[in-house]
Structures are given as C-alpha cells and as structure tokens.
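Peer 1: Got a structure for you, my_file-v8.cif, holding mmCIF, C-alpha atoms.
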data_data
#
loop_
_atom_site.label_atom_id
_atom_site.label_comp_id
_atom_site.auth_asym_id
_atom_site.auth_seq_id
_atom_site.Cartn_x
_atom_site.Cartn_y
_atom_site.Cartn_z
CA MET A 1 -17.03 19.15 15.93
CA GLN A 2 -19.38 16.23 16.06
CA THR A 3 -18.81 13.02 17.91
CA THR A 4 -19.92 9.58 16.92
CA THR A 5 -23.15 8.20 18.31
CA ASN A 6 -22.03 4.60 17.94
CA HIS A 7 -21.46 2.52 21.02
CA PRO A 8 -17.68 2.08 21.55
CA ALA A 9 -17.96 -1.67 21.13
CA GLN A 10 -19.56 -1.33 17.67
CA THR A 11 -17.88 -0.92 14.32
CA PRO A 12 -20.05 1.44 12.23
CA LEU A 13 -20.94 0.75 8.61
CA TRP A 14 -19.26 3.92 7.44
CA LEU A 15 -15.94 2.75 8.90
CA ALA A 16 -16.24 -0.46 6.86
CA ALA A 17 -17.02 1.67 3.78
CA THR A 18 -13.93 3.84 4.22
CA THR A 19 -11.83 0.70 4.71
CA LEU A 20 -13.29 -0.78 1.51
CA ALA A 21 -12.42 2.44 -0.32
CA ALA A 22 -8.83 2.16 0.91
CA PHE A 23 -8.85 -1.48 -0.23
CA ALA A 24 -10.03 -0.44 -3.70
CA THR A 25 -7.39 2.28 -4.07
CA GLY A 26 -4.60 -0.07 -3.06
CA THR A 27 -5.84 -2.82 -5.36
CA ASP A 28 -5.97 -0.36 -8.27
CA ASP A 29 -2.32 0.49 -7.79
CA MET A 30 -0.58 -2.86 -7.43
CA VAL A 31 -2.90 -5.12 -9.44
CA ILE A 32 -0.91 -4.07 -12.52
CA ALA A 33 1.84 -6.41 -11.25
CA GLY A 34 -0.42 -9.38 -11.95
CA LEU A 35 -1.54 -8.00 -15.32
CA LEU A 36 1.89 -7.02 -16.64
CA PRO A 37 2.37 -9.54 -19.50
CA GLU A 38 -1.19 -9.35 -20.87
CA LEU A 39 -1.42 -5.57 -20.50
CA ALA A 40 1.94 -5.03 -22.21
CA THR A 41 0.92 -7.26 -25.12
CA ASP A 42 -2.51 -5.68 -25.50
CA LEU A 43 -1.17 -2.12 -25.49
CA ASP A 44 1.94 -2.97 -27.52
CA VAL A 45 4.49 -1.76 -24.95
CA GLY A 46 7.31 -3.49 -23.10
CA GLU A 47 6.91 -4.81 -19.58
CA PRO A 48 9.20 -2.09 -18.14
CA ALA A 49 6.87 0.54 -19.63
CA ALA A 50 3.80 -1.30 -18.35
CA GLY A 51 5.36 -1.31 -14.88
CA GLN A 52 5.47 2.48 -14.97
CA LEU A 53 1.69 2.45 -14.66
CA ILE A 54 2.36 1.48 -11.04
CA THR A 55 5.06 4.14 -10.72
CA ALA A 56 2.77 6.91 -12.01
CA TYR A 57 -0.09 5.93 -9.70
CA SER A 58 2.11 5.52 -6.63
CA LEU A 59 4.06 8.73 -7.19
CA THR A 60 0.90 10.75 -7.80
CA TYR A 61 -0.69 9.34 -4.67
CA GLY A 62 2.39 9.77 -2.47
CA LEU A 63 2.96 13.39 -3.45
CA GLY A 64 -0.67 14.36 -3.91
CA ALA A 65 -2.17 13.06 -0.67
CA PRO A 66 -0.77 15.74 1.71
CA VAL A 67 -1.57 18.57 -0.72
CA LEU A 68 -5.11 17.39 -1.47
CA ALA A 69 -5.78 16.87 2.23
CA VAL A 70 -5.15 20.59 2.76
CA LEU A 71 -7.02 21.78 -0.34
CA THR A 72 -10.14 19.79 0.56
CA ALA A 73 -10.00 20.13 4.35
CA HIS A 74 -12.81 22.72 4.46
CA LEU A 75 -15.31 20.59 2.50
CA PRO A 76 -18.13 18.61 4.15
CA ARG A 77 -16.54 15.21 4.55
CA ARG A 78 -19.50 12.97 3.79
CA ARG A 79 -20.34 14.60 0.49
CA PHE A 80 -16.69 14.86 -0.48
CA LEU A 81 -15.95 11.20 0.27
CA VAL A 82 -19.00 10.02 -1.69
CA ALA A 83 -18.06 12.26 -4.64
CA ALA A 84 -14.35 11.37 -4.68
CA THR A 85 -15.03 7.65 -4.40
CA SER A 86 -17.64 7.84 -7.17
CA VAL A 87 -15.13 9.64 -9.41
CA PHE A 88 -12.57 6.94 -8.62
CA ALA A 89 -15.08 4.27 -9.67
CA LEU A 90 -15.87 6.12 -12.91
CA VAL A 91 -12.19 6.52 -13.81
CA ASN A 92 -11.70 2.77 -13.40
CA VAL A 93 -14.60 2.15 -15.78
CA LEU A 94 -12.84 4.42 -18.28
CA MET A 95 -9.58 2.51 -17.76
CA ALA A 96 -11.42 -0.68 -18.71
CA VAL A 97 -12.06 0.79 -22.17
CA ALA A 98 -8.80 2.74 -22.60
CA PRO A 99 -7.72 2.44 -26.26
CA ASN A 100 -3.97 2.84 -25.79
CA TYR A 101 -1.09 3.27 -23.34
CA PRO A 102 -1.01 7.12 -23.16
CA VAL A 103 -4.73 7.29 -22.38
CA LEU A 104 -4.41 4.57 -19.75
CA MET A 105 -1.44 6.40 -18.19
CA ALA A 106 -3.45 9.63 -17.96
CA LEU A 107 -6.35 7.78 -16.37
CA ARG A 108 -4.00 6.15 -13.88
CA VAL A 109 -2.90 9.62 -12.74
CA ALA A 110 -6.54 10.71 -12.44
CA ALA A 111 -7.39 7.61 -10.39
CA ALA A 112 -4.42 8.22 -8.12
CA LEU A 113 -5.49 11.83 -7.50
CA ALA A 114 -8.95 10.62 -6.48
CA ALA A 115 -7.40 7.98 -4.23
CA ALA A 116 -5.04 10.56 -2.71
CA ALA A 117 -8.09 12.60 -1.72
CA ILE A 118 -10.09 9.67 -0.34
CA VAL A 119 -7.76 8.02 2.17
CA PRO A 120 -6.44 11.13 4.02
CA THR A 121 -10.01 12.49 4.29
CA ALA A 122 -11.18 9.15 5.65
CA LEU A 123 -8.36 9.14 8.21
CA ALA A 124 -9.18 12.70 9.29
CA LEU A 125 -12.84 11.75 9.67
CA VAL A 126 -12.01 8.67 11.74
CA ALA A 127 -9.64 10.64 13.98
CA GLU A 128 -12.48 13.10 14.62
CA GLN A 129 -15.35 10.64 15.07
CA ALA A 130 -13.78 7.66 16.82
CA PRO A 131 -14.20 7.19 20.59
CA THR A 132 -10.95 8.18 22.29
CA GLU A 133 -10.25 4.67 23.54
CA ARG A 134 -10.67 3.19 20.05
CA ARG A 135 -9.10 5.91 17.90
CA GLY A 136 -5.86 4.07 17.18
CA ARG A 137 -7.71 0.84 16.34
CA TRP A 138 -10.15 2.57 13.99
CA LEU A 139 -7.36 4.48 12.23
CA SER A 140 -5.39 1.27 11.81
CA THR A 141 -8.49 -0.38 10.33
CA VAL A 142 -8.56 2.13 7.47
CA THR A 143 -4.83 1.83 6.74
CA ALA A 144 -5.19 -1.95 6.92
CA GLY A 145 -7.49 -1.63 3.90
CA VAL A 146 -4.49 -0.55 1.82
CA THR A 147 -2.34 -3.37 3.18
CA LEU A 148 -5.02 -6.00 2.66
CA SER A 149 -5.55 -4.82 -0.91
CA LEU A 150 -2.04 -5.91 -1.75
CA ILE A 151 -2.60 -9.22 0.00
CA ALA A 152 -6.10 -10.09 -1.26
CA GLY A 153 -7.18 -7.56 -3.89
CA VAL A 154 -4.26 -8.13 -6.25
CA PRO A 155 -4.60 -11.96 -6.34
CA ILE A 156 -8.35 -11.65 -6.94
CA GLY A 157 -7.75 -9.11 -9.70
CA THR A 158 -5.15 -11.40 -11.28
CA TRP A 159 -7.60 -14.32 -11.25
CA ILE A 160 -10.23 -12.17 -12.93
CA ALA A 161 -7.73 -11.23 -15.64
CA ALA A 162 -6.81 -14.90 -16.12
CA PHE A 163 -10.47 -15.86 -16.67
CA PHE A 164 -11.40 -12.77 -18.72
CA ASP A 165 -8.80 -10.04 -19.39
CA TRP A 166 -7.09 -7.14 -17.65
CA ARG A 167 -9.94 -4.79 -18.51
CA ALA A 168 -12.34 -6.89 -16.44
CA THR A 169 -10.04 -6.35 -13.48
CA MET A 170 -10.49 -2.59 -13.80
CA LEU A 171 -14.25 -3.11 -13.68
CA PHE A 172 -13.77 -5.21 -10.53
CA VAL A 173 -12.03 -2.26 -8.86
CA ALA A 174 -14.82 0.05 -10.04
CA VAL A 175 -17.42 -2.19 -8.39
CA LEU A 176 -15.47 -2.14 -5.11
CA ALA A 177 -15.34 1.65 -5.23
CA ALA A 178 -19.04 1.95 -6.06
CA LEU A 179 -19.94 -0.21 -3.06
CA ALA A 180 -17.69 1.93 -0.87
CA ALA A 181 -19.33 5.12 -2.16
CA ALA A 182 -22.77 3.71 -1.33
CA GLY A 183 -21.66 2.82 2.21
CA MET A 184 -20.21 6.28 2.71
CA SER A 185 -23.69 7.73 2.58
CA ARG A 186 -23.74 6.70 6.25
CA VAL A 187 -20.70 8.79 7.12
CA PRO A 188 -21.54 11.25 9.94
CA GLU A 189 -22.04 14.85 8.87
CA SER A 190 -18.78 16.65 9.50
CA THR A 191 -17.52 20.01 8.30
CA PRO A 192 -14.10 20.91 9.72
CA THR A 193 -13.99 24.25 11.47
CA ALA A 194 -10.20 24.60 11.67
CA THR A 195 -8.16 25.59 8.64
CA GLU A 196 -5.57 22.93 7.88
CA THR A 197 -2.20 23.78 6.39
CA LEU A 198 0.33 21.72 4.51
CA GLY A 199 2.77 22.45 7.30
CA GLY A 200 0.32 20.93 9.77
CA ARG A 201 -0.03 17.78 7.66
CA LEU A 202 3.73 17.44 7.46
CA ALA A 203 4.36 18.47 11.08
CA PRO A 204 5.13 14.93 12.31
CA LEU A 205 8.11 14.86 9.91
CA THR A 206 9.73 17.67 11.91
CA ARG A 207 10.44 15.08 14.60
CA PRO A 208 13.77 13.47 13.68
CA THR A 209 12.83 9.95 14.73
CA ILE A 210 9.54 9.94 12.79
CA LEU A 211 11.25 11.43 9.72
CA ALA A 212 14.03 8.86 9.90
CA VAL A 213 11.59 5.96 10.23
CA SER A 214 9.46 7.28 7.35
CA VAL A 215 12.43 7.63 4.98
CA SER A 216 13.81 4.26 6.02
CA MET A 217 10.42 2.64 5.43
CA LEU A 218 10.25 4.21 1.97
CA ILE A 219 13.61 2.69 1.03
CA ALA A 220 12.89 -0.71 2.54
CA GLY A 221 9.41 -0.79 1.01
CA SER A 222 10.76 0.02 -2.45
CA GLY A 223 13.18 -2.87 -2.19
CA GLY A 224 10.74 -5.30 -0.64
CA MET A 225 8.07 -4.69 -3.28
CA MET A 226 10.22 -4.21 -6.39
CA GLY A 227 10.45 -7.94 -6.94
CA TYR A 228 6.69 -8.20 -6.53
CA ILE A 229 5.98 -5.47 -9.08
CA TYR A 230 8.11 -7.34 -11.63
CA LEU A 231 7.26 -10.83 -10.44
CA ALA A 232 6.03 -11.78 -13.93
CA PRO A 233 9.37 -11.40 -15.77
CA VAL A 234 11.38 -12.69 -12.81
CA SER A 235 9.29 -15.85 -12.42
CA ARG A 236 9.35 -16.43 -16.18
CA HIS A 237 13.15 -16.13 -16.16
CA LEU A 238 13.52 -18.58 -13.28
CA THR A 239 10.88 -21.17 -14.06
CA ASP A 240 9.83 -20.51 -17.68
CA SER A 241 6.24 -20.52 -16.36
CA GLY A 242 3.14 -19.05 -17.98
CA PRO A 243 0.27 -16.78 -16.88
CA GLY A 244 -1.44 -19.49 -14.83
CA ALA A 245 1.66 -19.99 -12.72
CA LEU A 246 1.96 -16.22 -12.20
CA GLY A 247 -1.56 -16.09 -10.81
CA LEU A 248 -0.73 -18.91 -8.42
CA LEU A 249 2.49 -17.20 -7.37
CA ILE A 250 0.63 -13.95 -6.61
CA LEU A 251 -1.89 -15.94 -4.60
CA VAL A 252 0.96 -17.50 -2.63
CA PHE A 253 2.42 -14.05 -1.98
CA GLY A 254 -0.96 -12.69 -0.90
CA THR A 255 -1.82 -15.59 1.40
CA ALA A 256 1.60 -15.60 3.00
CA GLY A 257 1.50 -11.81 3.28
CA PHE A 258 -1.75 -12.01 5.24
CA ALA A 259 -0.04 -14.41 7.65
CA GLY A 260 2.84 -11.95 7.86
CA VAL A 261 0.53 -9.11 8.87
CA LEU A 262 -0.94 -11.25 11.65
CA LEU A 263 2.49 -12.34 12.84
CA GLY A 264 3.73 -8.75 12.73
CA GLY A 265 0.86 -7.60 14.90
CA ARG A 266 1.34 -10.39 17.40
CA GLY A 267 5.09 -9.87 17.50
CA SER A 268 4.64 -6.15 18.14
CA ASP A 269 2.45 -6.94 21.15
CA THR A 270 4.74 -9.62 22.57
CA ILE A 271 8.40 -8.93 21.79
CA GLY A 272 7.99 -5.28 20.71
CA PRO A 273 8.02 -3.35 17.41
CA GLY A 274 11.82 -3.18 17.11
CA PRO A 275 12.63 -6.91 17.23
CA THR A 276 9.57 -7.76 15.11
CA LEU A 277 10.58 -5.26 12.44
CA ALA A 278 14.19 -6.49 12.40
CA ALA A 279 13.10 -10.12 12.04
CA GLY A 280 10.70 -9.32 9.20
CA ILE A 281 13.20 -7.33 7.15
CA ALA A 282 15.94 -9.91 7.73
CA VAL A 283 13.71 -12.78 6.57
CA ALA A 284 12.58 -10.87 3.47
CA ALA A 285 16.14 -9.82 2.60
CA VAL A 286 17.47 -13.37 2.88
CA MET A 287 14.73 -14.78 0.63
CA ILE A 288 15.11 -12.11 -2.04
CA THR A 289 18.89 -12.63 -1.95
CA LEU A 290 18.38 -16.36 -2.53
CA ILE A 291 16.10 -15.59 -5.48
CA ALA A 292 18.74 -13.20 -6.84
CA LEU A 293 21.45 -15.84 -6.52
CA ALA A 294 19.30 -18.38 -8.34
CA ALA A 295 18.46 -15.88 -11.09
CA ASN A 296 22.14 -15.23 -11.76
CA THR A 297 23.68 -18.69 -11.29
CA VAL A 298 21.08 -21.29 -12.32
CA PRO A 299 20.32 -21.88 -16.03
CA THR A 300 17.29 -19.94 -17.22
CA GLY A 301 13.96 -21.70 -16.75
CA THR A 302 15.29 -24.56 -14.61
CA VAL A 303 14.25 -23.50 -11.10
CA PRO A 304 11.36 -25.69 -9.86
CA PHE A 305 8.19 -23.67 -9.47
CA LEU A 306 7.66 -25.13 -5.99
CA ALA A 307 11.07 -23.80 -4.91
CA LEU A 308 10.26 -20.29 -6.17
CA ALA A 309 6.80 -20.41 -4.59
CA SER A 310 8.30 -21.46 -1.24
CA ALA A 311 10.87 -18.66 -1.30
CA THR A 312 8.16 -16.18 -2.33
CA ALA A 313 5.94 -17.27 0.56
CA VAL A 314 8.67 -16.73 3.15
CA TRP A 315 9.63 -13.42 1.53
CA ALA A 316 5.98 -12.26 1.72
CA VAL A 317 5.68 -13.25 5.39
CA GLY A 318 8.79 -11.22 6.15
CA ILE A 319 7.97 -8.07 4.21
CA TRP A 320 4.34 -7.86 5.33
CA SER A 321 5.19 -8.43 8.98
CA VAL A 322 6.85 -4.99 8.84
CA SER A 323 3.75 -2.79 8.62
CA PRO A 324 2.16 -3.55 12.05
CA PRO A 325 5.31 -2.87 14.11
CA VAL A 326 5.92 0.39 12.24
CA GLN A 327 2.35 1.53 13.00
CA SER A 328 2.70 0.32 16.60
CA TRP A 329 5.89 2.35 16.91
CA LEU A 330 4.44 5.49 15.30
CA LEU A 331 1.01 5.77 16.94
CA PRO A 332 2.21 6.32 20.55
CA ARG A 333 4.45 9.10 19.21
CA ALA A 334 1.68 10.85 17.28
CA ARG A 335 0.82 13.20 20.19
CA GLY A 336 -2.75 13.75 19.04
CA MET A 337 -1.93 13.66 15.31
CA GLU A 338 -2.65 9.98 14.70
CA GLY A 339 -4.48 10.67 11.42
CA ALA A 340 -1.65 12.81 10.05
CA VAL A 341 1.01 10.27 11.07
CA LEU A 342 -0.82 7.34 9.47
CA ALA A 343 -1.60 9.37 6.34
CA LEU A 344 2.10 10.21 5.98
CA ASN A 345 2.98 6.56 6.56
CA THR A 346 0.58 5.55 3.78
CA SER A 347 1.99 8.24 1.46
CA GLY A 348 5.49 6.98 2.21
CA MET A 349 4.42 3.44 1.35
CA TYR A 350 3.10 4.59 -2.03
CA LEU A 351 6.26 6.60 -2.70
CA GLY A 352 8.21 3.43 -1.95
CA PHE A 353 6.12 1.59 -4.53
CA SER A 354 6.88 4.33 -7.07
CA VAL A 355 10.62 4.05 -6.42
CA GLY A 356 10.41 0.27 -6.71
CA GLY A 357 8.48 0.52 -9.98
CA ALA A 358 10.78 3.14 -11.50
CA VAL A 359 14.09 1.59 -10.44
CA GLY A 360 12.90 -1.93 -11.17
CA GLY A 361 11.71 -0.92 -14.64
CA ALA A 362 15.05 0.72 -15.42
CA VAL A 363 16.95 -2.33 -14.17
CA LEU A 364 14.71 -4.70 -16.15
CA ALA A 365 15.17 -2.68 -19.34
CA ALA A 366 18.94 -2.34 -18.94
CA TRP A 367 20.04 -5.70 -17.51
CA GLY A 368 17.09 -8.06 -17.71
CA ALA A 369 14.96 -9.96 -15.23
CA ALA A 370 17.91 -11.54 -13.38
CA ALA A 371 19.03 -8.11 -12.16
CA VAL A 372 15.69 -7.14 -10.62
CA PRO A 373 15.98 -9.25 -7.41
CA VAL A 374 19.57 -8.04 -7.00
CA ALA A 375 18.43 -4.42 -6.93
CA SER A 376 15.49 -5.38 -4.73
CA ALA A 377 17.71 -7.06 -2.14
CA ALA A 378 20.14 -4.13 -2.12
CA LEU A 379 17.43 -1.53 -1.45
CA LEU A 380 15.82 -3.69 1.21
CA ALA A 381 19.14 -4.13 3.00
CA VAL A 382 19.85 -0.39 2.94
CA GLY A 383 16.35 0.41 4.18
CA GLY A 384 16.55 -2.20 6.92
CA LEU A 385 19.85 -0.87 8.23
CA ALA A 386 18.48 2.68 8.15
CA MET A 387 15.39 1.52 10.05
CA ALA A 388 17.52 -0.09 12.74
CA GLY A 389 19.44 3.15 13.10
CA SER A 390 16.18 5.11 13.34
CA PHE A 391 14.89 2.94 16.15
CA ARG A 392 18.17 3.29 18.01
CA MET A 393 17.95 7.06 17.54
CA GLY A 394 14.60 7.00 19.31
CA ALA A 395 15.99 4.90 22.15
CA ARG A 396 19.00 7.19 22.61
CA ASP A 397 16.75 10.25 22.75
CA GLY A 398 15.79 9.17 26.25
CA ARG A 399 12.27 10.62 26.21
CA PRO A 400 9.43 8.19 26.93
CA GLU A 401 7.56 9.17 23.78
CA ASP A 402 10.57 8.51 21.57
CA ALA A 403 12.10 5.47 23.22
CA ASP A 404 11.55 2.15 21.54
CA ARG A 405 9.94 -0.68 23.43
#
Any chance you could put this one into structure tokens?

Peer 2:
Amino acid sequence: MQTTTNHPAQTPLWLAATTLAAFATGTDDMVIAGLLPELATDLDVGEPAAGQLITAYSLTYGLGAPVLAVLTAHLPRRRFLVAATSVFALVNVLMAVAPNYPVLMALRVAAALAAAAIVPTALALVAEQAPTERRGRWLSTVTAGVTLSLIAGVPIGTWIAAFFDWRATMLFVAVLAALAAAGMSRVPESTPTATETLGGRLAPLTRPTILAVSVSMLIAGSGGMMGYIYLAPVSRHLTDSGPGALGLLILVFGTAGFAGVLLGGRGSDTIGPGPTLAAGIAVAAVMITLIALAANTVPTGTVPFLALASATAVWAVGIWSVSPPVQSWLLPRARGMEGAVLALNTSGMYLGFSVGGAVGGAVLAAWGAAAVPVASAALLAVGGLAMAGSFRMGARDGRPEDADR
C-alpha cells in the first residue's frame, strides 16, 4: 500500500478533484428539484413523475454504492476514477439531448451507477493515502462535496435552466465531471491488495448504535428533503409564484443551508453532536410544520413570498446543520473503517432522498401540493425522535467508543 508524499499541511490537487466529482454527482441528483416544472412540461409528464427522476437516481446510488465498491475494489484506483468520472460526464451530455422521459429515466440510472462507483472509491483512496492525523478531515472533505452540491450546485443549475433550459443544466454537470476527471489524473497510483467483501463494507452496520443512527438519519433526511424536492409545486400553491421566484427560493435554501453546515460544525465542536443534532432537527421540523399549516389553512396563492422565503431559510439552516454532528458522532466510532462508515452514511443520505422523492410524489399525486409539507414534517419528526433514541442508546452502552459527548 502506498502512502501520500504530500506534506500533511497541504491539500493535494487530487483531493480537490475527488471532492469536485462528489459535488457533480450530488448536483446531478437534486438539481431536478429546481427543473421540475420546465422538465415536466418539456417531456409531457406530470410533476410527480418528473420527481421520480430524483427517486431513481437516489435509489440506484444508495443501493448500488456498497455493491459496486466491492466489485471494483481490485481495480487500479486512478484509472478507475478517471474512467468512471468520464463516463458520468458523457451520460450527462446524453441526458442533455434525451428525446423523452423513458430515455432520460434510463440515463439517470446509468449516471447514478457511475456516481455510486466514484464516491466510495474516492473515499477508499483517501482513507488509504491520507496522513493519519488528517484522515478524518480529508474524508469529510469528500463527503462535504455531496453536501455542498445540494447547497450550491442546485441553485447554480436552476439559474442556468432559468437563463437557457434544463438541458443546459445537464451540460453544466457534465463540465464539472470533466474537470474532476482531468484532476484525477493526479491521483496517486494505488491498486488494493486486500480483497474486499460486501460484508466488510456493511460491517459498521453490525454495531447497533451505528445502524440505529443510519436508519434514523435516512428517515429524518427523507422528511427534511421531501419539501425541497417538491418545492416548485408547494411554493406555487402557497404564493402563486413563477419560475423566477422558484430560482430565488432555491438560492435562499442553498445559502441558508451553507450557513447551517457551518453552524452544525461549530456546534458539534462546542456543545457536542447530540445537542447540535437535536436543535437542527427541531428547528427544521417547526418550520416545515408552519409551512404545512399555511398550506392547509390559508387561501391558495395568498402567502407573501417573503414569508415563505424566511421560513425556507430557517428550515434550511436547521436541516443542513444535521450532517456535521452526525459525521462527528460516527467518525470516532469507525474503529479504522472511516471510509466505510462515511460511504454508508452517504448511501443512507441518498436512500433518504429516494424515499422523500417517492413518498412525496405519491402524496402530491393523491392529495396535492398542500399535503407534501404535512408528510415531510411527519417523517422528519419520526426520524428526529428515532435519532434521539439512537444517541441515548450509545450513551447507555457505557463504552467510551459508543457514548455520546
């Protein structure tokens, strides 16, 4: 096994490239939320069906990542990362010219499979190459690429669609991936010598506290992001606003979400992961509940846009403050499997997106936009309570590696 030749204080170019690749894969998934009305009109499908493009991508990624990590574990990592990221870029170019919904859906699955191969391989590479004292920080940098994609990549992609069309947004993602593939040519040569198994990838889930936190995060994430996936019909129902307002609302969510990530990291370091997580979920749940109440009590189209934007901003701060404390809680319990733990956490996040997209689409089709924030708030509350119980389980265990801060 090779070790990195970079000075510990330096951040190598290849690490930035892998982070950019994670950013591109995350943007590709959730940017559909900002393109929903235009994409549905162009492809002649309903918005619930268009939302399933997120579900298909997220589900494929969440289920495929552990399996692909095992199937590709023996391949030279540099060549594999360059190839997989190049394929991902090509598939996004093909999505930009997709003639209809079935073809686009098939390409979404193909893009998700490529993404599911990229991020776990990048995490395994970082875990191998990073200096011991910086391993957790470097691993978190890659996973932060996925988080930041939802905060910055989606608003940028929505702006591009507003100025051009949704197909231009797919080309934007392809350019990001192409740049990442070029940067990965600097990845250190690395061919794993140990044979990895699916059981090894899933081994952290055999620990009850990690399993409980992962499942709880999946439920809470599906609730917290469901309203975001279907923000277009919900905002239209509340404010009777058009595409320009949707782009602004997504920008508000992204900007506030970035602040939430920073606050979540600081809170984890000061008051601890448990209290920070509880505060974030509580804030998000209260805001989504207020949006749900407005959607079901106020006449359609009469909510001031500024009021919705303010509630959305606070909701975004709350939900995105959750990721840093969860990672802070998980990494000390990884016991040398930091890459596997973070890969599973990322897979769980994508599975949560798929649940949010599927359930939200069904709710939207059956009961309309006003019901979406109701379902979102309910799932977030259930996930939050389960998360609190998971943290208490770790504290009751009594072992230093499982006790919460």

Peer 1: Which residue, A:Val91, A:Leu290, A:Leu107, A:Leu330, has the smallest gap to A:Val303 when you use all atoms listed in the file?

Peer 2: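 Using all atoms listed in the file, A:Val303 sits closest to A:Leu290.
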
Peer 1: Have a look at atom CA of A:Ala212 and atom CA of A:Asn345 and let me know their distance in Å, one decimal.

Peer 2: 11.8 Å

Peer 1: For A:Thr60, which residue among A:Thr312, A:Ser321, A:Ser354, A:Asn296 is the nearest when counting all atoms listed in the file?

Peer 2: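 Looking only at the distances to A:Thr60, the closest residue turns out to be A:Ser354.
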
Peer 1: Using all atoms listed in the file, which of A:Met226, A:Gly352, A:Arg236, A:Leu150 sits nearest A:Ala256?

Peer 2: A:Leu150

Peer 1: If I take atom CA of A:Ile229 and atom CA of A:Gly357, how far is one from the other in Å, to one decimal?

Peer 2: 6.6 Å

Peer 1: Kindly indicate which residue among A:Ala381, A:Val372, A:Ala40, A:Ala21 lies nearest to A:Thr143, using all atoms listed in the file for the distances.

Peer 2: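 Among the listed residues, the smallest separation from A:Thr143 belongs to A:Ala21.
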
Peer 1: Suppose you want the space between atom CA of A:Ser347 and atom CA of A:Thr255; what is it in Å?

Peer 2: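 Distance between the two atoms: 24.1 Å.
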
Peer 1: Please identify all polymer residues within 8 Å of stretch 81-90 of chain A, counting only C-alpha atoms, omitting same-chain residues fewer than 5 positions from it, and present them as a VMD selection string.

Peer 2: chain A and resid 21 111 114 to 115 117 to 118 121 to 122 173 to 178 180 to 182 184 to 185

Peer 1: With C-alpha atoms kept, could you save the residues just selected as a JSON list (two decimals), in the frame of the given file?

Peer 2:
[["chain", "number", "residue", "atom", "x", "y", "z"],
["A", 21, "ALA", "CA", -12.42, 2.44, -0.32],
["A", 111, "ALA", "CA", -7.39, 7.61, -10.39],
["A", 114, "ALA", "CA", -8.95, 10.62, -6.48],
["A", 115, "ALA", "CA", -7.40, 7.98, -4.23],
["A", 117, "ALA", "CA", -8.09, 12.60, -1.72],
["A", 118, "ILE", "CA", -10.09, 9.67, -0.34],
["A", 121, "THR", "CA", -10.01, 12.49, 4.29],
["A", 122, "ALA", "CA", -11.18, 9.15, 5.65],
["A", 173, "VAL", "CA", -12.03, -2.26, -8.86],
["A", 174, "ALA", "CA", -14.82, 0.05, -10.04],
["A", 175, "VAL", "CA", -17.42, -2.19, -8.39],
["A", 176, "LEU", "CA", -15.47, -2.14, -5.11],
["A", 177, "ALA", "CA", -15.34, 1.65, -5.23],
["A", 178, "ALA", "CA", -19.04, 1.95, -6.06],
["A", 180, "ALA", "CA", -17.69, 1.93, -0.87],
["A", 181, "ALA", "CA", -19.33, 5.12, -2.16],
["A", 182, "ALA", "CA", -22.77, 3.71, -1.33],
["A", 184, "MET", "CA", -20.21, 6.28, 2.71],
["A", 185, "SER", "CA", -23.69, 7.73, 2.58]]

Peer 1: Starting from the displayed file, determine the output of the PyMOL selection byres ((chain A and resi 318) around 8) and express the residue list as a list in words.

Peer 2: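 Here the PyMOL selection byres ((chain A and resi 318) around 8) matches Gly257, Gly260, Ala279, Gly280, Ile281, Ala282, Val283, Ala284, Val314, Trp315, Ala316, Val317, Ile319, Trp320, Ser321 and Val322 of chain A.
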